[in-house]
Amino acid sequence: MIFVSLPTTITMKKILSYICIFLFSFLLSTTTNGQEYRVTGTVINSTSEEPLPGATVLYGTGLGTTTDNKGYYSIILKPGKYKLTASFVGYEEEQRSITISDKNITVNFSLTGRTLSKLNVVADVAVRRETPVAFSTIPPERISEQLASQDIPMILNSTPGVYATQQGGGDGDARINIRGFNQRNIAVLIDGIPVNDMENGWVYWSNWFGLDMVTRSIQVQRGLGASKLAIPSIGGTMNIISKGIESKPSTSIKYENGSDGFMRTSIGYNSGKLNNGWGITAAGSYKRGNGYADMTWTNGWFYFLRIDKELGNHLISFTGMGAPQQHGQRSYQSAIAQYSAEYAEKAGISPDEYIPGMPVNMGYRYNPNWGYLKRDGSWEKLNEKLNYYHKPQFSLRDYWSAGDNLLISNIAYLSVGNGGGTGMRVTPNLITEGVDEGQIDFQAIYDNNIANLNTSNDGKGGYIYSSRNNHFWYGLISSINYDPKNNWKFSAGIDLRNYKGEHYREVYDLLGMGFMNDLQSEGKLNNHTDSSIIRKKGDKIYYHNDGLVRWGGLFGLIQYETGNWNFFLNISGSYTGYNRIDYFLKRDIIVGDEIFHQAVGYTPSFQLP
């Protein structure tokens, strides 16, 4: 046994000190154990990346918070393990397991709309951290703030690997290149429906000018991507997703005013998801303007209606849209010196290389394709290059959730196009040079036609024609998508299309002639008394044929994901049948030692078998 003796004079002081140290240590321990940390983050839409205001973030039953108008949330928690659950009406829940130890943390959520997820599968939309392809997604806020009534491709100029231009400067004449490939090798889809021309693969953006009003997002996949359809997507795939039942209710009225007399008024309405399972999206727009380049004026309308209805495990959706428009154009392949001699010199072009009589230094707004004409007592500006078209598209869709892991979709669609573009044909003796301001001398052509009216030379003068390209196109896309939730995903389907393109040239403006002699249609010599070759305004001339395209495609996709690795195998194949029906019999006409078609300046075509 050991005894310790303490001086009685300091024993109580030390005891009090020990008590104070113990109490301080206890309080410090209590404070440390009660330390709280902040968990912050955002909740956004997985496709458009727009914030979801009012989304709920819970860490326990009835415990949590909601996001603000920027999709931001903040929760204070003590150290420990938690399960955070983010949810929003019309979206799939997302859950995250977190551990809080000694610092604040950030947890972001990216929710997928229940309806939108079905559309994403059909529209071949890539998903971040899942689909191993290079892609960029343009959210609606950026479209609204930066597009500014330009053609839709112009918003993509800041996207890697993408180049877009207004081409000749006419409204709606934009073109887009991805990784060096032009639009013929870029698949463009609107809600999963292909819109590339069935005969030449081109996309005419004037037919979709108002689509930005109802666009939820635009996704560009660069190079061969995740597209399941057998479509020309070597350069890339461009997916345009419209707003629908998954969107929050909204109403918008927008008025835009720009230079050169531009004006656009737009009205949009989205009901969101109604209590009875319905959803309506509607929009309308009108625009007009003079254009930056001379006589590239524009006048167009846009309409859109989408009606969604949930019926049990089915989502039925009907969509109709169109954009009837007219706009002036100019040739986009012109000599540089026409616009700026200084710029041509910097490009290494000397004045000796100029075309004789070519107007020079006309400025960047210069358009050589128009001129003045006085008929009926008043002057008018007349552009030989006019584009006019209306291509309404209608679709009926059925998305069937046949099970928790199985989605079956069927899309039937119809596209009807009517319109064309104008040009001018002038015989060599009527081509004038040195016209004031470098414009077409329509007055000389008109006066010559009037002078020869009702004579043997009637029908031989200059006139404006229209090249029509009408079509009737319907198709069916059916797909099955299976996700067993075991790292594998499977999808397969068919793509069926039937297309009829009607192509002909017609008399658009006789410019004072009583009629024109159609030498090309029947292959006959010029004879104004032969009724078989006399053509009036609206009559078909030069060529008339139908292009019939029948398309059948099969596609399949297998995707495997494990850890940080993601693999997919995409197999697709198609059969295309093309038939041409020529309604005009054409042949060369030999007069003496000369071939007659060379004298009138046209190249004959031949009837196909």
# chains A, B, ... in the order shown; residues from 1 in each chain; ligands from 1

$ select_by_dssp --residues "segment 230-436 of chain A" --states "alpha helix (DSSP H)" --output "list in words"
Ile336, Ala337, Gln338, Tyr339, Ala341, Glu342, Tyr343, Ala344, Glu345 and Lys346 of chain A

$ write_last_selection --atoms "C-alpha atoms" --output "mmCIF file, in the first residue's frame"
data_model
loop_
_atom_site.group_PDB
_atom_site.id
_atom_site.type_symbol
_atom_site.label_atom_id
_atom_site.label_comp_id
_atom_site.auth_asym_id
_atom_site.auth_seq_id
_atom_site.Cartn_x
_atom_site.Cartn_y
_atom_site.Cartn_z
ATOM 1 C CA ILE A 336 -15.022 38.448 -103.802
ATOM 2 C CA ALA A 337 -14.286 41.667 -105.675
ATOM 3 C CA GLN A 338 -17.995 42.222 -106.205
ATOM 4 C CA TYR A 339 -18.251 42.907 -102.487
ATOM 5 C CA ALA A 341 -11.815 44.849 -104.055
ATOM 6 C CA GLU A 342 -9.601 45.414 -101.017
ATOM 7 C CA TYR A 343 -10.535 42.055 -99.549
ATOM 8 C CA ALA A 344 -10.015 40.384 -102.933
ATOM 9 C CA GLU A 345 -6.513 41.873 -103.131
ATOM 10 C CA LYS A 346 -5.687 40.508 -99.676
#

$ closest_atom_pairs --of "segment 135-212 of chain A" --to "segment 51-68 of chain A" --cutoff "12 Å" --atoms "only C-alpha atoms" --output "tab-separated table"
residue	atom	partner	partner_atom	distance
A:Pro139	CA	A:Pro51	CA	10.2
A:Pro140	CA	A:Pro51	CA	10.9
A:Glu141	CA	A:Pro51	CA	10.2

$ write_last_selection --atoms "N, CA, C and O atoms" --output "tab-separated table (two decimals), in the first residue's frame"
chain	number	residue	atom	x	y	z
A	139	PRO	N	-29.28	23.92	-73.45
A	139	PRO	CA	-30.50	24.08	-72.65
A	139	PRO	C	-31.37	25.20	-73.22
A	139	PRO	O	-30.91	26.05	-74.00
A	140	PRO	N	-32.67	25.24	-72.84
A	140	PRO	CA	-33.58	26.25	-73.39
A	140	PRO	C	-33.20	27.68	-73.03
A	140	PRO	O	-33.47	28.60	-73.80
A	141	GLU	N	-32.56	27.88	-71.84
A	141	GLU	CA	-32.17	29.25	-71.47
A	141	GLU	C	-31.17	29.81	-72.47
A	141	GLU	O	-31.26	30.96	-72.87

$ closest_residue --among "A:Trp370, A:Tyr578, A:Tyr583, A:Phe568" --to "Ile541 of chain A" --atoms "only C-alpha atoms"
A:Tyr583

$ residues_around --residues "segment 177-189 of chain A" --least-positions-apart "3" --cutoff "8 Å" --atoms "only C-alpha atoms" --output "PyMOL selection string"
chain A and resi 123+161-164+192-196+200-203+222-223+231-240

$ closest_residue --among "A:Phe304, A:Phe442, A:Trp205, A:Tyr474" --to "Asn369 of chain A" --atoms "only C-alpha atoms"
A:Phe442

$ atom_distance --atom1 "atom CA of Tyr446 of chain A" --atom2 "atom CA of Tyr332 of chain A"
26.3 Å

$ closest_residue --among "A:Ile440, A:Met362, A:Leu396, A:Ile349" --to "Asn383 of chain A" --atoms "only C-alpha atoms"
A:Ile440

$ atom_distance --atom1 "atom CA of Gly547 of chain A" --atom2 "atom CA of Ser409 of chain A"
30.0 Å

$ select_by_dssp --residues "segment 467-526 of chain A" --states "strand (DSSP E)" --output "number ranges by chain"
A: 467-482, 488-509, 516-517

$ atom_distance --atom1 "atom CA of Glu92 of chain A" --atom2 "atom CA of Val43 of chain A"
12.2 Å

$ closest_residue --among "A:Leu569, A:Ile477, A:Ala412, A:Leu406" --to "Ile494 of chain A" --atoms "only C-alpha atoms"
A:Ile477

$ residues_around --residues "segment 249-260 of chain A" --least-positions-apart "3" --cutoff "7 Å" --atoms "only C-alpha atoms" --output "list in words"
Met263, Arg264, Thr265, Ser266, Ile267, Gly268, Tyr269, Asn270, Ser271, Gly272, Gly289, Asn290, Gly291 and Tyr292 of chain A

$ closest_residue --among "A:Gln166, A:Asn457, A:Ser395, A:Ser466" --to "Gln150 of chain A" --atoms "only C-alpha atoms"
A:Gln166

$ residues_around --residues "Ile152 of chain A" --least-positions-apart "5" --cutoff "10 Å" --atoms "only C-alpha atoms" --output "list in words"
Ile143, Leu147, Ala164, Gly172, Ala174, Arg175, Ile176, Trp205, Ser206, Trp208, Phe209, Gly210, Leu211, Asp212, Ile218 and Ile240 of chain A
